[in-house]
>>> print(open('start-v8.pdb').read())   # PDB, C-alpha atoms
ATOM      1  CA  MET A  99     158.194  82.987  12.576
ATOM      2  CA  PHE A 100     155.046  84.490  14.068
ATOM      3  CA  ILE A 101     156.893  86.739  16.513
ATOM      4  CA  ALA A 102     159.676  87.703  14.084
ATOM      5  CA  PRO A 103     157.994  90.935  12.820
ATOM      6  CA  ALA A 104     157.301  92.153  16.371
ATOM      7  CA  ALA A 105     160.791  91.171  17.501
ATOM      8  CA  LEU A 106     162.325  93.047  14.561
ATOM      9  CA  LEU A 107     160.246  96.113  15.370
ATOM     10  CA  VAL A 108     161.373  96.037  19.014
ATOM     11  CA  LEU A 109     164.961  95.604  17.876
ATOM     12  CA  LEU A 110     164.817  98.618  15.568
ATOM     13  CA  VAL A 111     162.735 100.933  17.748
ATOM     14  CA  VAL A 112     164.036 100.071  21.233
ATOM     15  CA  LEU A 113     167.255  98.099  21.296
ATOM     16  CA  VAL A 114     169.233  99.896  18.574
ATOM     17  CA  PRO A 115     168.592 103.433  19.931
ATOM     18  CA  LEU A 116     169.311 102.180  23.462
ATOM     19  CA  LEU A 117     172.684 100.734  22.458
ATOM     20  CA  TRP A 118     173.514 103.879  20.489
ATOM     21  CA  ASN A 119     172.624 105.971  23.538
ATOM     22  CA  VAL A 120     174.868 103.854  25.775
ATOM     23  CA  TRP A 121     177.705 104.229  23.265
ATOM     24  CA  MET A 122     177.319 108.028  23.191
ATOM     25  CA  SER A 123     177.343 108.209  26.998
ATOM     26  CA  PHE A 124     180.946 106.928  26.981
ATOM     27  CA  HIS A 125     182.129 109.353  24.297
ATOM     28  CA  ARG A 126     182.487 113.072  23.816
ATOM     29  CA  VAL A 127     179.787 113.883  21.288
ATOM     30  CA  THR A 128     178.936 117.534  20.691
ATOM     31  CA  ILE A 129     177.753 119.564  17.719
ATOM     32  CA  ILE A 130     181.113 121.300  17.348
ATOM     33  CA  TYR A 131     183.440 118.403  18.182
ATOM     34  CA  SER A 132     183.306 115.497  15.773
ATOM     35  CA  GLY A 133     186.302 113.538  17.041
ATOM     36  CA  GLU A 134     184.113 111.520  19.414
ATOM     37  CA  PRO A 135     186.951 110.292  21.685
ATOM     38  CA  PHE A 136     186.279 107.648  24.275
ATOM     39  CA  VAL A 137     186.004 109.313  27.693
ATOM     40  CA  GLY A 138     184.931 106.333  29.786
ATOM     41  CA  PHE A 139     182.850 107.268  32.809
ATOM     42  CA  ARG A 140     183.829 110.948  32.643
ATOM     43  CA  ASN A 141     180.347 112.019  31.512
ATOM     44  CA  TYR A 142     178.755 110.105  34.378
ATOM     45  CA  ALA A 143     181.229 111.420  36.946
ATOM     46  CA  GLY A 144     180.724 114.962  35.687
ATOM     47  CA  GLN A 145     176.964 114.721  36.147
ATOM     48  CA  LEU A 146     177.144 113.015  39.542
ATOM     49  CA  THR A 147     179.248 115.937  40.797
ATOM     50  CA  ASN A 148     177.128 118.587  39.052
ATOM     51  CA  PRO A 149     174.828 120.543  41.433
ATOM     52  CA  GLU A 150     172.407 121.312  38.579
ATOM     53  CA  PHE A 151     171.938 117.589  37.945
ATOM     54  CA  TRP A 152     171.129 116.890  41.600
ATOM     55  CA  ALA A 153     168.783 119.886  41.713
ATOM     56  CA  ALA A 154     166.896 118.389  38.762
ATOM     57  CA  VAL A 155     166.859 114.982  40.478
ATOM     58  CA  TRP A 156     165.394 116.577  43.611
ATOM     59  CA  VAL A 157     162.654 118.269  41.569
ATOM     60  CA  ALA A 158     161.850 114.929  39.915
ATOM     61  CA  PHE A 159     161.778 113.119  43.277
ATOM     62  CA  LEU A 160     159.503 115.757  44.816
ATOM     63  CA  TYR A 161     157.248 115.625  41.761
ATOM     64  CA  THR A 162     157.127 111.827  41.929
ATOM     65  CA  ILE A 163     156.413 111.580  45.654
ATOM     66  CA  VAL A 164     153.659 114.215  45.720
ATOM     67  CA  THR A 165     151.833 113.259  42.527
ATOM     68  CA  THR A 166     152.007 109.512  43.114
ATOM     69  CA  ALA A 167     150.816 109.755  46.732
ATOM     70  CA  VAL A 168     147.926 112.107  45.932
ATOM     71  CA  GLU A 169     146.881 110.178  42.822
ATOM     72  CA  LEU A 170     146.945 106.912  44.739
ATOM     73  CA  GLY A 171     144.851 108.294  47.599
ATOM     74  CA  LEU A 172     142.313 110.056  45.390
ATOM     75  CA  GLY A 173     142.207 107.126  42.977
ATOM     76  CA  LEU A 174     141.444 104.680  45.782
ATOM     77  CA  GLY A 175     138.696 106.944  47.099
ATOM     78  CA  LEU A 176     137.139 107.303  43.653
ATOM     79  CA  ALA A 177     137.405 103.548  43.054
ATOM     80  CA  ILE A 178     135.567 102.809  46.294
ATOM     81  CA  LEU A 179     132.896 105.372  45.370
ATOM     82  CA  MET A 180     132.451 103.990  41.856
ATOM     83  CA  ASN A 181     132.199 100.471  43.267
ATOM     84  CA  GLN A 182     129.103 101.387  45.263
ATOM     85  CA  ARG A 183     125.600 100.619  44.002
ATOM     86  CA  LEU A 184     124.662 104.113  42.850
ATOM     87  CA  ARG A 185     121.834 105.009  40.498
ATOM     88  CA  LEU A 186     124.016 106.917  38.025
ATOM     89  CA  ARG A 187     127.169 104.900  38.518
ATOM     90  CA  TRP A 188     127.799 104.684  34.753
ATOM     91  CA  LEU A 189     127.671 108.482  34.486
ATOM     92  CA  LEU A 190     130.119 108.900  37.373
ATOM     93  CA  ARG A 191     132.575 106.492  35.739
ATOM     94  CA  SER A 192     132.310 108.337  32.423
ATOM     95  CA  ILE A 193     132.997 111.718  34.058
ATOM     96  CA  VAL A 194     135.911 110.380  36.092
ATOM     97  CA  ILE A 195     137.706 108.949  33.061
ATOM     98  CA  LEU A 196     137.438 112.144  30.961
ATOM     99  CA  PRO A 197     140.625 113.877  32.263
ATOM    100  CA  TRP A 198     142.710 110.790  31.526
ATOM    101  CA  ALA A 199     141.220 110.544  28.018
ATOM    102  CA  LEU A 200     142.532 113.999  27.133
ATOM    103  CA  PRO A 201     145.919 114.056  25.355
ATOM    104  CA  THR A 202     148.707 115.349  27.578
ATOM    105  CA  ILE A 203     149.380 118.352  25.355
ATOM    106  CA  VAL A 204     145.718 119.375  25.551
ATOM    107  CA  ASN A 205     145.737 118.957  29.317
ATOM    108  CA  ALA A 206     148.926 121.014  29.671
ATOM    109  CA  MET A 207     147.655 123.807  27.409
ATOM    110  CA  MET A 208     144.362 123.896  29.293
ATOM    111  CA  TRP A 209     146.061 124.242  32.684
ATOM    112  CA  ARG A 210     148.485 126.825  31.337
ATOM    113  CA  TRP A 211     145.432 128.858  30.303
ATOM    114  CA  ILE A 212     143.771 128.293  33.699
ATOM    115  CA  ASP A 213     146.922 129.507  35.494
ATOM    116  CA  ASN A 214     147.501 132.484  33.190
ATOM    117  CA  ALA A 215     148.584 135.565  35.145
ATOM    118  CA  ASP A 216     146.548 138.007  33.033
ATOM    119  CA  TYR A 217     143.244 136.305  32.215
ATOM    120  CA  GLY A 218     143.300 132.885  33.847
ATOM    121  CA  PRO A 219     140.059 131.538  35.350
ATOM    122  CA  LEU A 220     141.892 130.531  38.523
ATOM    123  CA  ASN A 221     142.911 134.119  39.264
ATOM    124  CA  ALA A 222     139.431 135.360  38.365
ATOM    125  CA  LEU A 223     137.811 132.888  40.770
ATOM    126  CA  LEU A 224     140.190 133.636  43.641
ATOM    127  CA  THR A 225     139.942 137.413  43.288
ATOM    128  CA  GLN A 226     136.144 137.410  42.950
ATOM    129  CA  THR A 227     135.800 135.305  46.087
ATOM    130  CA  GLY A 228     138.177 137.588  48.000
ATOM    131  CA  ILE A 229     140.907 134.982  48.527
ATOM    132  CA  LEU A 230     143.329 137.043  46.431
ATOM    133  CA  HIS A 231     143.428 140.798  46.018
ATOM    134  CA  ARG A 232     145.274 140.754  42.698
ATOM    135  CA  TYR A 233     146.113 138.333  39.913
ATOM    136  CA  PHE A 234     149.069 136.078  40.712
ATOM    137  CA  PRO A 235     151.611 134.685  38.186
ATOM    138  CA  TRP A 236     151.300 131.043  39.197
ATOM    139  CA  LEU A 237     153.611 129.653  36.512
ATOM    140  CA  ALA A 238     156.085 132.527  36.649
ATOM    141  CA  ASP A 239     156.769 132.282  40.379
ATOM    142  CA  ALA A 240     159.457 129.820  41.467
ATOM    143  CA  HIS A 241     157.528 128.961  44.648
ATOM    144  CA  THR A 242     154.278 127.945  42.944
ATOM    145  CA  ALA A 243     155.152 126.832  39.410
ATOM    146  CA  LEU A 244     156.036 123.245  40.305
ATOM    147  CA  TRP A 245     152.905 122.839  42.427
ATOM    148  CA  MET A 246     150.689 124.007  39.582
ATOM    149  CA  VAL A 247     152.303 121.532  37.202
ATOM    150  CA  MET A 248     151.787 118.776  39.781
ATOM    151  CA  LEU A 249     148.138 119.808  40.094
ATOM    152  CA  ALA A 250     147.699 119.404  36.343
ATOM    153  CA  ASP A 251     149.316 115.961  36.483
ATOM    154  CA  ILE A 252     147.144 114.891  39.420
ATOM    155  CA  TRP A 253     143.999 116.017  37.612
ATOM    156  CA  LYS A 254     144.911 113.969  34.531
ATOM    157  CA  MET A 255     146.357 110.788  36.032
ATOM    158  CA  THR A 256     144.128 110.194  39.072
ATOM    159  CA  PRO A 257     141.431 108.589  36.850
ATOM    160  CA  LEU A 258     143.925 105.962  35.670
ATOM    161  CA  MET A 259     144.656 104.965  39.260
ATOM    162  CA  ALA A 260     140.925 104.913  39.980
ATOM    163  CA  ILE A 261     140.150 102.619  37.019
ATOM    164  CA  LEU A 262     142.959 100.184  37.924
ATOM    165  CA  LEU A 263     141.867 100.007  41.554
ATOM    166  CA  LEU A 264     138.200  99.731  40.584
ATOM    167  CA  ALA A 265     139.037  96.652  38.529
ATOM    168  CA  ALA A 266     140.802  95.195  41.567
ATOM    169  CA  LEU A 267     137.820  95.930  43.831
ATOM    170  CA  GLN A 268     135.379  94.332  41.403
ATOM    171  CA  ALA A 269     137.482  91.160  41.335
ATOM    172  CA  ILE A 270     136.827  90.606  45.065
ATOM    173  CA  ASP A 271     134.089  88.078  45.745
ATOM    174  CA  PRO A 272     131.271  89.952  47.565
ATOM    175  CA  SER A 273     130.644  86.894  49.725
ATOM    176  CA  VAL A 274     134.007  87.421  51.434
ATOM    177  CA  ARG A 275     132.989  90.850  52.710
ATOM    178  CA  GLU A 276     129.500  89.647  53.542
ATOM    179  CA  ALA A 277     130.919  86.830  55.658
ATOM    180  CA  ALA A 278     133.193  89.260  57.499
ATOM    181  CA  ALA A 279     130.272  91.598  58.152
ATOM    182  CA  MET A 280     128.204  88.705  59.522
ATOM    183  CA  ASP A 281     131.061  87.902  61.899
ATOM    184  CA  GLY A 282     130.823  91.434  63.277
ATOM    185  CA  ALA A 283     133.645  93.177  61.405
ATOM    186  CA  GLY A 284     133.129  96.881  60.771
ATOM    187  CA  GLY A 285     133.671  98.727  57.496
ATOM    188  CA  TRP A 286     137.190  99.919  58.356
ATOM    189  CA  THR A 287     138.229  96.473  59.601
ATOM    190  CA  ILE A 288     136.919  94.826  56.434
ATOM    191  CA  PHE A 289     138.796  97.319  54.285
ATOM    192  CA  ARG A 290     142.058  97.041  56.235
ATOM    193  CA  ARG A 291     142.088  93.284  56.837
ATOM    194  CA  ILE A 292     140.358  91.947  53.694
ATOM    195  CA  VAL A 293     139.992  94.468  50.863
ATOM    196  CA  LEU A 294     143.417  96.112  51.070
ATOM    197  CA  PRO A 295     145.443  92.859  51.122
ATOM    198  CA  MET A 296     143.411  91.507  48.192
ATOM    199  CA  ILE A 297     144.007  94.575  45.997
ATOM    200  CA  THR A 298     147.686  94.877  46.944
ATOM    201  CA  PRO A 299     148.991  93.244  43.711
ATOM    202  CA  ILE A 300     147.120  95.755  41.513
ATOM    203  CA  LEU A 301     148.023  98.535  43.938
ATOM    204  CA  LEU A 302     151.677  97.604  43.562
ATOM    205  CA  ILE A 303     151.480  97.594  39.761
ATOM    206  CA  ALA A 304     149.759 100.993  39.717
ATOM    207  CA  LEU A 305     152.313 102.408  42.138
ATOM    208  CA  VAL A 306     155.311 101.200  40.143
ATOM    209  CA  LEU A 307     153.880 102.404  36.820
ATOM    210  CA  ARG A 308     153.055 105.864  38.154
ATOM    211  CA  THR A 309     156.412 106.188  39.906
ATOM    212  CA  ILE A 310     158.270 105.455  36.688
ATOM    213  CA  GLU A 311     156.082 107.786  34.627
ATOM    214  CA  ALA A 312     156.245 110.602  37.173
ATOM    215  CA  PHE A 313     160.020 110.465  37.641
ATOM    216  CA  LYS A 314     160.701 110.713  33.914
ATOM    217  CA  VAL A 315     157.991 113.308  33.267
ATOM    218  CA  PHE A 316     158.804 115.694  30.441
ATOM    219  CA  ASP A 317     155.857 116.645  28.237
ATOM    220  CA  ILE A 318     153.535 118.377  30.697
ATOM    221  CA  VAL A 319     156.431 120.243  32.336
ATOM    222  CA  TRP A 320     157.891 121.354  29.025
ATOM    223  CA  ILE A 321     154.567 122.645  27.716
ATOM    224  CA  MET A 322     153.522 124.453  30.889
ATOM    225  CA  THR A 323     156.806 125.987  32.066
ATOM    226  CA  GLY A 324     159.700 124.767  29.919
ATOM    227  CA  GLY A 325     161.545 123.940  33.147
ATOM    228  CA  GLY A 326     161.381 127.496  34.524
ATOM    229  CA  PRO A 327     161.233 129.847  36.209
ATOM    230  CA  ALA A 328     164.827 129.694  37.457
ATOM    231  CA  ASN A 329     164.874 125.907  36.862
ATOM    232  CA  SER A 330     162.270 125.436  39.619
ATOM    233  CA  THR A 331     160.349 122.943  37.460
ATOM    234  CA  GLN A 332     163.338 121.464  35.645
ATOM    235  CA  THR A 333     162.960 117.746  36.190
ATOM    236  CA  VAL A 334     165.821 115.435  35.346
ATOM    237  CA  ALA A 335     164.208 114.560  31.985
ATOM    238  CA  VAL A 336     163.942 118.247  31.073
ATOM    239  CA  TYR A 337     167.546 118.695  32.176
ATOM    240  CA  ALA A 338     168.628 115.836  29.895
ATOM    241  CA  TYR A 339     166.753 117.419  26.986
ATOM    242  CA  ASN A 340     168.322 120.825  27.612
ATOM    243  CA  THR A 341     171.787 119.288  27.842
ATOM    244  CA  ALA A 342     171.428 117.309  24.608
ATOM    245  CA  PHE A 343     169.342 119.575  22.374
ATOM    246  CA  GLN A 344     169.968 123.087  23.661
ATOM    247  CA  ASP A 345     173.581 122.807  24.802
ATOM    248  CA  PHE A 346     174.198 120.220  22.028
ATOM    249  CA  ASP A 347     176.207 118.050  24.419
ATOM    250  CA  PHE A 348     174.902 114.682  23.297
ATOM    251  CA  GLY A 349     177.411 112.641  25.294
ATOM    252  CA  ASN A 350     176.355 114.140  28.616
ATOM    253  CA  GLY A 351     172.698 114.061  27.578
ATOM    254  CA  ALA A 352     172.993 110.334  26.904
ATOM    255  CA  ALA A 353     174.704 109.788  30.262
ATOM    256  CA  ILE A 354     171.887 111.629  32.061
ATOM    257  CA  SER A 355     169.267 109.470  30.346
ATOM    258  CA  ILE A 356     171.089 106.301  31.445
ATOM    259  CA  LEU A 357     171.220 107.631  35.012
ATOM    260  CA  ILE A 358     167.469 108.299  34.844
ATOM    261  CA  ALA A 359     166.891 104.679  33.814
ATOM    262  CA  LEU A 360     169.067 103.449  36.697
ATOM    263  CA  PHE A 361     167.203 105.615  39.200
ATOM    264  CA  MET A 362     163.863 104.258  37.967
ATOM    265  CA  MET A 363     165.108 100.670  38.194
ATOM    266  CA  LEU A 364     166.264 101.285  41.765
ATOM    267  CA  MET A 365     162.919 102.792  42.775
ATOM    268  CA  SER A 366     160.972  99.958  41.124
ATOM    269  CA  ILE A 367     163.040  97.279  42.855
ATOM    270  CA  THR A 368     162.593  99.054  46.191
ATOM    271  CA  TYR A 369     158.818  99.205  45.704
ATOM    272  CA  LEU A 370     158.604  95.566  44.660
ATOM    273  CA  ARG A 371     160.646  94.287  47.580
ATOM    274  CA  THR A 372     159.055  96.493  50.249
ATOM    275  CA  LEU A 373     155.405  96.238  49.207
ATOM    276  CA  GLY A 374     155.863  92.631  48.091
ATOM    277  CA  ARG A 375     156.780  91.629  51.633
ATOM    278  CA  LYS A 376     153.772  93.480  53.021
ATOM    279  CA  GLY A 377     151.502  91.883  50.422
ATOM    280  CA  ALA A 378     152.847  88.466  51.317
TER     281      ALA A 378
END
>>> encode(input="start-v8.pdb", output="structure tokens")
Amino acid sequence: MFIAPAALLVLLVVLVPLLWNVWMSFHRVTIIYSGEPFVGFRNYAGQLTNPEFWAAVWVAFLYTIVTTAVELGLGLGLAILMNQRLRLRWLLRSIVILPWALPTIVNAMMWRWIDNADYGPLNALLTQTGILHRYFPWLADAHTALWMVMLADIWKMTPLMAILLLAALQAIDPSVREAAAMDGAGGWTIFRRIVLPMITPILLIALVLRTIEAFKVFDIVWIMTGGGPANSTQTVAVYAYNTAFQDFDFGNGAAISILIALFMMLMSITYLRTLGRKGA
């Protein structure tokens, strides 16, 4: 009886739309065709043989690998720094968490302004320091647009990784490291042989969460570039949105979203099995 309201909410908000989405993925559902015939796996087969789908998957994979790796490395470095006995440690922690506290839409709008080709602060800084000789259209160039979006994501999400890893570092009993130091172990040895294995469970959780979030990224990409230019920033989530709500092909859009979920499940299982063995 106590969990019934929450269970009903989950049923209405999660399960019902999920089942409806699965049903649409096996039917032809478009804005101009209302017959909705059963097409089986035709929508899935069509996407798996569609070069545009695989191009979007590649963009999402590249986005996931780069942002997750950089955020993990920077987050671990910041966590180690914030775990030191510094005079203004509370101020450092407050500053670090600010980017993550900003709403994604605010973060995306801010970075779109920073990267503006006409009056962006980034171009002003680079030209005034002599690195560039003229303003560059960072978000309008197919070679740089995706990297600028990834930079915005790294700036926002690194603090989350840092806070998670800081909590893991603070859970380690200081006497363990002190005993290792008394036995002659150096700083790198202590980190590699003691600290890293002890924070591996939290590290694994952070890695899986960020991988899932990064692979299905939509909001920051849509606000900054809309998937352009020339689909260079079109992740698979943006591609699903364009298919469903711009091409009005809801059957194929639903199939793409199911494929996204399957990809994320596969990546999560791979992480859990690989890093779980190492943690063990």
>>> closest_residue(input="start-v8.pdb", among="A:Ile270, A:Met255, A:Val108, A:Ala215", to="Trp236 of chain A", atoms="all atoms listed in the file")
A:Ala215
>>> resolve_selection(input="start-v8.pdb", expression="the PyMOL selection byres ((chain A and resi 251) around 9)", output="list in words")
Thr165, Glu169, Thr202, Asn205, Ala206, Met246, Val247, Met248, Leu249, Ala250, Ile252, Trp253, Lys254, Met255, Thr256, Ala312 and Ile318 of chain A
>>> closest_residue(input="start-v8.pdb", among="A:Lys314, A:Arg126, A:Arg183, A:Arg191", to="Gln332 of chain A", atoms="all atoms listed in the file")
A:Lys314
>>> atom_distance(input="start-v8.pdb", atom1="atom CA of Asp216 of chain A", atom2="atom CA of Leu237 of chain A")
11.5 Å
>>> closest_residue(input="start-v8.pdb", among="A:Leu172, A:Val306, A:Ala243, A:Leu262", to="Pro327 of chain A", atoms="all atoms listed in the file")
A:Ala243
>>> resolve_selection(input="start-v8.pdb", expression="the PyMOL selection byres ((chain A and resi 348) around 12)", output="NGL selection string")
:A and (118-132 or 134 or 141 or 338-347 or 349-355)
>>> write_last_selection(input="start-v8.pdb", atoms="C-alpha atoms", output="CSV table (one decimal), keeping the file's coordinate frame")
chain,number,residue,atom,x,y,z
A,118,TRP,CA,173.5,103.9,20.5
A,119,ASN,CA,172.6,106.0,23.5
A,120,VAL,CA,174.9,103.9,25.8
A,121,TRP,CA,177.7,104.2,23.3
A,122,MET,CA,177.3,108.0,23.2
A,123,SER,CA,177.3,108.2,27.0
A,124,PHE,CA,180.9,106.9,27.0
A,125,HIS,CA,182.1,109.4,24.3
A,126,ARG,CA,182.5,113.1,23.8
A,127,VAL,CA,179.8,113.9,21.3
A,128,THR,CA,178.9,117.5,20.7
A,129,ILE,CA,177.8,119.6,17.7
A,130,ILE,CA,181.1,121.3,17.3
A,131,TYR,CA,183.4,118.4,18.2
A,132,SER,CA,183.3,115.5,15.8
A,134,GLU,CA,184.1,111.5,19.4
A,141,ASN,CA,180.3,112.0,31.5
A,338,ALA,CA,168.6,115.8,29.9
A,339,TYR,CA,166.8,117.4,27.0
A,340,ASN,CA,168.3,120.8,27.6
A,341,THR,CA,171.8,119.3,27.8
A,342,ALA,CA,171.4,117.3,24.6
A,343,PHE,CA,169.3,119.6,22.4
A,344,GLN,CA,170.0,123.1,23.7
A,345,ASP,CA,173.6,122.8,24.8
A,346,PHE,CA,174.2,120.2,22.0
A,347,ASP,CA,176.2,118.0,24.4
A,349,GLY,CA,177.4,112.6,25.3
A,350,ASN,CA,176.4,114.1,28.6
A,351,GLY,CA,172.7,114.1,27.6
A,352,ALA,CA,173.0,110.3,26.9
A,353,ALA,CA,174.7,109.8,30.3
A,354,ILE,CA,171.9,111.6,32.1
A,355,SER,CA,169.3,109.5,30.3
>>> closest_residue(input="start-v8.pdb", among="A:Val111, A:Ala153, A:Val293, A:Asp317", to="Pro201 of chain A", atoms="only C-alpha atoms")
A:Asp317
>>> resolve_selection(input="start-v8.pdb", expression="the PyMOL selection byres ((chain A and resi 159) around 10)", output="ChimeraX atom specification")
/A:153-158,160-165,309,312-314,333-334
>>> write_last_selection(input="start-v8.pdb", atoms="C-alpha atoms", output="short mmCIF file (atom, residue, chain, number, x, y, z; two decimals), in the coordinates of the input")
data_model
loop_
_atom_site.label_atom_id
_atom_site.label_comp_id
_atom_site.auth_asym_id
_atom_site.auth_seq_id
_atom_site.Cartn_x
_atom_site.Cartn_y
_atom_site.Cartn_z
CA ALA A 153 168.78 119.89 41.71
CA ALA A 154 166.90 118.39 38.76
CA VAL A 155 166.86 114.98 40.48
CA TRP A 156 165.39 116.58 43.61
CA VAL A 157 162.65 118.27 41.57
CA ALA A 158 161.85 114.93 39.92
CA LEU A 160 159.50 115.76 44.82
CA TYR A 161 157.25 115.62 41.76
CA THR A 162 157.13 111.83 41.93
CA ILE A 163 156.41 111.58 45.65
CA VAL A 164 153.66 114.22 45.72
CA THR A 165 151.83 113.26 42.53
CA THR A 309 156.41 106.19 39.91
CA ALA A 312 156.24 110.60 37.17
CA PHE A 313 160.02 110.46 37.64
CA LYS A 314 160.70 110.71 33.91
CA THR A 333 162.96 117.75 36.19
CA VAL A 334 165.82 115.44 35.35
#
>>> atom_distance(input="start-v8.pdb", atom1="atom CA of Asp213 of chain A", atom2="atom CA of Leu305 of chain A")
28.4 Å
>>> residues_around(input="start-v8.pdb", residues="Ile367 of chain A", least_positions_apart="5", cutoff="12 Å", atoms="all atoms listed in the file", output="CSV table (one decimal) with C-alpha atoms, keeping the file's coordinate frame")
chain,number,residue,atom,x,y,z
A,302,LEU,CA,151.7,97.6,43.6
A,303,ILE,CA,151.5,97.6,39.8
A,305,LEU,CA,152.3,102.4,42.1
A,306,VAL,CA,155.3,101.2,40.1
A,309,THR,CA,156.4,106.2,39.9
A,310,ILE,CA,158.3,105.5,36.7
A,360,LEU,CA,169.1,103.4,36.7
A,361,PHE,CA,167.2,105.6,39.2
A,362,MET,CA,163.9,104.3,38.0
A,372,THR,CA,159.1,96.5,50.2
A,373,LEU,CA,155.4,96.2,49.2
A,374,GLY,CA,155.9,92.6,48.1
>>> build_atoms(input="start-v8.pdb", residues="segment 302-313 of chain A", atoms="N, CA and C atoms", output="JSON list (two decimals), in the coordinates of the input")
[["chain", "number", "residue", "atom", "x", "y", "z"],
["A", 302, "LEU", "N", 150.24, 97.59, 43.79],
["A", 302, "LEU", "CA", 151.68, 97.60, 43.56],
["A", 302, "LEU", "C", 151.99, 97.93, 42.11],
["A", 303, "ILE", "N", 151.26, 97.32, 41.18],
["A", 303, "ILE", "CA", 151.48, 97.59, 39.76],
["A", 303, "ILE", "C", 151.22, 99.06, 39.45],
["A", 304, "ALA", "N", 150.10, 99.59, 39.95],
["A", 304, "ALA", "CA", 149.76, 100.99, 39.72],
["A", 304, "ALA", "C", 150.81, 101.91, 40.30],
["A", 305, "LEU", "N", 151.31, 101.57, 41.48],
["A", 305, "LEU", "CA", 152.31, 102.41, 42.14],
["A", 305, "LEU", "C", 153.62, 102.43, 41.36],
["A", 306, "VAL", "N", 154.05, 101.27, 40.90],
["A", 306, "VAL", "CA", 155.31, 101.20, 40.14],
["A", 306, "VAL", "C", 155.18, 101.94, 38.82],
["A", 307, "LEU", "N", 154.07, 101.74, 38.11],
["A", 307, "LEU", "CA", 153.88, 102.40, 36.82],
["A", 307, "LEU", "C", 153.86, 103.92, 36.97],
["A", 308, "ARG", "N", 153.14, 104.41, 37.97],
["A", 308, "ARG", "CA", 153.06, 105.86, 38.15],
["A", 308, "ARG", "C", 154.38, 106.45, 38.64],
["A", 309, "THR", "N", 155.11, 105.70, 39.45],
["A", 309, "THR", "CA", 156.41, 106.19, 39.91],
["A", 309, "THR", "C", 157.36, 106.37, 38.73],
["A", 310, "ILE", "N", 157.39, 105.37, 37.85],
["A", 310, "ILE", "CA", 158.27, 105.46, 36.69],
["A", 310, "ILE", "C", 157.86, 106.61, 35.79],
["A", 311, "GLU", "N", 156.56, 106.72, 35.51],
["A", 311, "GLU", "CA", 156.08, 107.79, 34.63],
["A", 311, "GLU", "C", 156.32, 109.17, 35.23],
["A", 312, "ALA", "N", 156.10, 109.30, 36.53],
["A", 312, "ALA", "CA", 156.24, 110.60, 37.17],
["A", 312, "ALA", "C", 157.71, 111.03, 37.23],
["A", 313, "PHE", "N", 158.61, 110.09, 37.50],
["A", 313, "PHE", "CA", 160.02, 110.46, 37.64],
["A", 313, "PHE", "C", 160.62, 110.91, 36.31]]
